[in-house]
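**Q** What follows is the file work_6.cif, containing mmCIF, C-alpha atoms:
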data_start
loop_
_atom_site.label_atom_id
_atom_site.label_comp_id
_atom_site.auth_asym_id
_atom_site.auth_seq_id
_atom_site.Cartn_x
_atom_site.Cartn_y
_atom_site.Cartn_z
CA MET A 1 39.07 -3.90 -0.94
CA THR A 2 37.53 -6.53 1.32
CA ILE A 3 38.03 -6.95 5.05
CA TYR A 4 36.86 -9.77 7.25
CA GLN A 5 36.19 -10.39 10.91
CA HIS A 6 35.89 -13.74 12.65
CA PHE A 7 33.48 -14.67 15.45
CA THR A 8 32.68 -17.87 17.34
CA PHE A 9 29.61 -19.00 19.21
CA ASP A 10 28.40 -22.24 20.74
CA ALA A 11 24.90 -23.53 20.17
CA ALA A 12 22.85 -26.71 20.21
CA HIS A 13 20.38 -27.88 17.60
CA PHE A 14 18.70 -30.86 16.04
CA LEU A 15 17.45 -31.36 12.51
CA PRO A 16 13.75 -32.26 12.65
CA HIS A 17 13.35 -33.16 8.97
CA VAL A 18 16.13 -35.73 8.53
CA PRO A 19 15.16 -39.43 8.34
CA ALA A 20 14.68 -41.46 11.51
CA GLY A 21 18.00 -42.84 12.64
CA HIS A 22 20.05 -39.92 11.23
CA LYS A 23 22.52 -38.79 13.90
CA CYS A 24 21.60 -35.12 13.43
CA LYS A 25 18.00 -35.80 14.44
CA ASN A 26 19.34 -35.99 18.00
CA LEU A 27 20.14 -32.90 20.05
CA HIS A 28 23.81 -31.99 19.66
CA GLY A 29 26.03 -28.91 19.69
CA HIS A 30 28.71 -27.14 17.71
CA THR A 31 31.23 -24.39 18.12
CA TYR A 32 30.37 -22.33 15.07
CA HIS A 33 32.97 -20.17 13.34
CA LEU A 34 31.52 -17.18 11.53
CA THR A 35 33.51 -14.91 9.22
CA ILE A 36 31.95 -11.71 7.91
CA TYR A 37 33.37 -10.18 4.70
CA ILE A 38 32.80 -6.49 3.99
CA ALA A 39 33.80 -4.78 0.75
CA GLY A 40 34.16 -1.07 0.31
CA GLU A 41 36.30 1.88 -0.54
CA LEU A 42 39.23 2.70 1.69
CA LEU A 43 38.39 5.82 3.68
CA GLU A 44 41.38 8.08 3.14
CA LYS A 45 41.30 9.90 6.47
CA GLU A 46 40.69 6.83 8.64
CA GLY A 47 42.70 4.43 6.51
CA TRP A 48 40.08 1.69 6.70
CA ILE A 49 36.80 0.53 5.18
CA ILE A 50 35.05 0.28 8.53
CA ASP A 51 36.22 0.17 12.12
CA PHE A 52 36.48 -3.46 13.27
CA SER A 53 34.98 -2.43 16.62
CA ASP A 54 31.89 -1.21 14.76
CA VAL A 55 31.58 -4.59 13.04
CA LYS A 56 31.89 -6.35 16.40
CA ALA A 57 29.28 -4.08 17.98
CA THR A 58 26.91 -4.69 15.07
CA LEU A 59 27.23 -8.47 15.29
CA ALA A 60 27.11 -8.70 19.11
CA PRO A 61 23.30 -8.61 19.48
CA ILE A 62 22.85 -11.09 16.61
CA ILE A 63 25.36 -13.54 18.04
CA SER A 64 23.90 -13.17 21.55
CA VAL A 65 20.59 -14.58 20.24
CA LEU A 66 22.48 -17.69 19.08
CA ASP A 67 25.28 -18.21 21.60
CA HIS A 68 24.54 -20.92 24.16
CA HIS A 69 20.99 -21.35 22.92
CA LEU A 70 18.96 -24.09 21.28
CA LEU A 71 18.79 -22.85 17.69
CA ASN A 72 15.48 -24.63 17.05
CA GLU A 73 13.88 -22.20 19.54
CA VAL A 74 15.15 -19.07 17.76
CA PRO A 75 12.32 -17.54 15.69
CA GLY A 76 12.97 -18.34 12.04
CA LEU A 77 15.39 -21.18 12.80
CA GLU A 78 13.06 -24.07 13.49
CA ASN A 79 15.08 -26.19 11.01
CA PRO A 80 18.59 -24.91 11.74
CA THR A 81 20.75 -26.45 9.03
CA ALA A 82 24.07 -24.69 8.43
CA GLU A 83 22.64 -23.26 5.20
CA LEU A 84 19.52 -21.86 6.84
CA LEU A 85 21.53 -20.52 9.78
CA ALA A 86 23.88 -18.72 7.38
CA LYS A 87 20.90 -17.19 5.57
CA TRP A 88 19.34 -16.15 8.91
CA ILE A 89 22.59 -14.43 9.97
CA TRP A 90 22.83 -12.74 6.56
CA ASP A 91 19.24 -11.49 6.76
CA LYS A 92 19.87 -9.99 10.22
CA THR A 93 23.27 -8.50 9.33
CA ARG A 94 22.73 -7.17 5.79
CA PRO A 95 20.54 -4.19 6.76
CA LEU A 96 23.08 -3.15 9.42
CA LEU A 97 26.39 -3.45 7.55
CA SER A 98 26.83 -1.57 4.33
CA GLY A 99 29.15 -3.47 2.03
CA LEU A 100 28.43 -6.91 3.44
CA GLN A 101 29.79 -9.16 0.70
CA LYS A 102 29.53 -12.68 2.09
CA ILE A 103 29.57 -14.73 5.22
CA GLU A 104 31.27 -18.02 5.90
CA LEU A 105 29.84 -20.25 8.61
CA LYS A 106 31.69 -23.37 9.72
CA GLU A 107 29.70 -25.92 11.67
CA THR A 108 32.72 -28.20 12.14
CA PRO A 109 36.37 -27.73 11.17
CA GLY A 110 35.69 -29.51 7.88
CA THR A 111 32.14 -28.44 7.00
CA GLY A 112 30.44 -25.15 6.42
CA VAL A 113 28.71 -22.80 4.04
CA MET A 114 29.48 -19.54 2.26
CA TYR A 115 26.56 -17.25 1.58
CA GLU A 116 26.50 -14.17 -0.62
CA GLY A 117 22.85 -13.24 -0.38
CA ASN A 118 20.00 -13.72 -2.77
#
Write out the structure in this file as structure tokens.
**A**
Amino acid sequence: MTIYQHFTFDAAHFLPHVPAGHKCKNLHGHTYHLTIYIAGELLEKEGWIIDFSDVKATLAPIISVLDHHLLNEVPGLENPTAELLAKWIWDKTRPLLSGLQKIELKETPGTGVMYEGN
């Protein structure tokens, strides 16, 4: 069984390695939509895989590093593409959430990335 939980955060960034004149070279912001997918066995007594409040508490300190910040200033995110941001979130979350299956990160309503680890 797989559960998911959705989060949002707002952040600014610029892409330093795109060609001159590319619009993303300029500072701009997004409202990111992050969905965390966790797979596991249904715990018979509790009736769930994991308590959603535990997932929220686990993600809160990770999201607080990103929310309303310039992503380029976050250690490890000097080139904060959606793909590298998804990997960064995965790398921070994976050791904390057993059963993490994948994450989906939307940069805009029509663009995003799904990441399932290495």
**Q** Restricting the calculation to all atoms listed in the file, which member of A:Leu97, A:Lys45, A:Leu71, A:Lys87 is positioned closest to Thr58 (chain A)?
**A**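 Ranked by minimum distance to Thr58 (chain A), first place goes to A:Leu97.
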**Q** Go through A:Met1, A:Leu96, A:Leu84, A:Gln101 and flag the residue nearest Glu41 (chain A), using all atoms listed in the file for the distances.
**A**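 Using all atoms listed in the file, the shortest distance to Glu41 (chain A) belongs to A:Met1.
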**Q** Convert the output of the PyMOL selection byres ((chain A and resi 20-37) around 9) on the shown file into explicit residues, formatted as a ChimeraX atom specification.
**A** /A:2-19,38-39,55,70,86,99-109,112
**Q** Mind giving me the straight-line distance from CA of Val113 (chain A) to CA of Pro80 (chain A) in Å, one decimal?
**A**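 Result for CA of Val113 (chain A) versus CA of Pro80 (chain A): 12.9 Å, one decimal.
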**Q** In Å to one decimal, how far is CA of Asp54 (chain A) from CA of Pro75 (chain A)?
**A**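 So the answer is 25.5 Å.
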**Q** Name the closest residue to Val65 (chain A) among the candidates A:Phe52, A:Thr111, A:Gly40, A:Lys92; distances are taken between atoms, counting only C-alpha atoms.
**A** A:Lys92
**Q** Between A:Leu43, A:Glu78, A:His69, A:Thr93, single out the one closest to Lys56 (chain A), counting all atoms listed in the file.
**A**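 Going through A:Leu43, A:Glu78, A:His69, A:Thr93 one by one, the smallest distance to Lys56 (chain A) is for A:Thr93.
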**Q** Please report the interatomic distance between CA of Pro95 (chain A) and CA of His68 (chain A) in Å with one decimal.
**A**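 About the pair CA of Pro95 (chain A) and CA of His68 (chain A): they are 24.5 Å apart.
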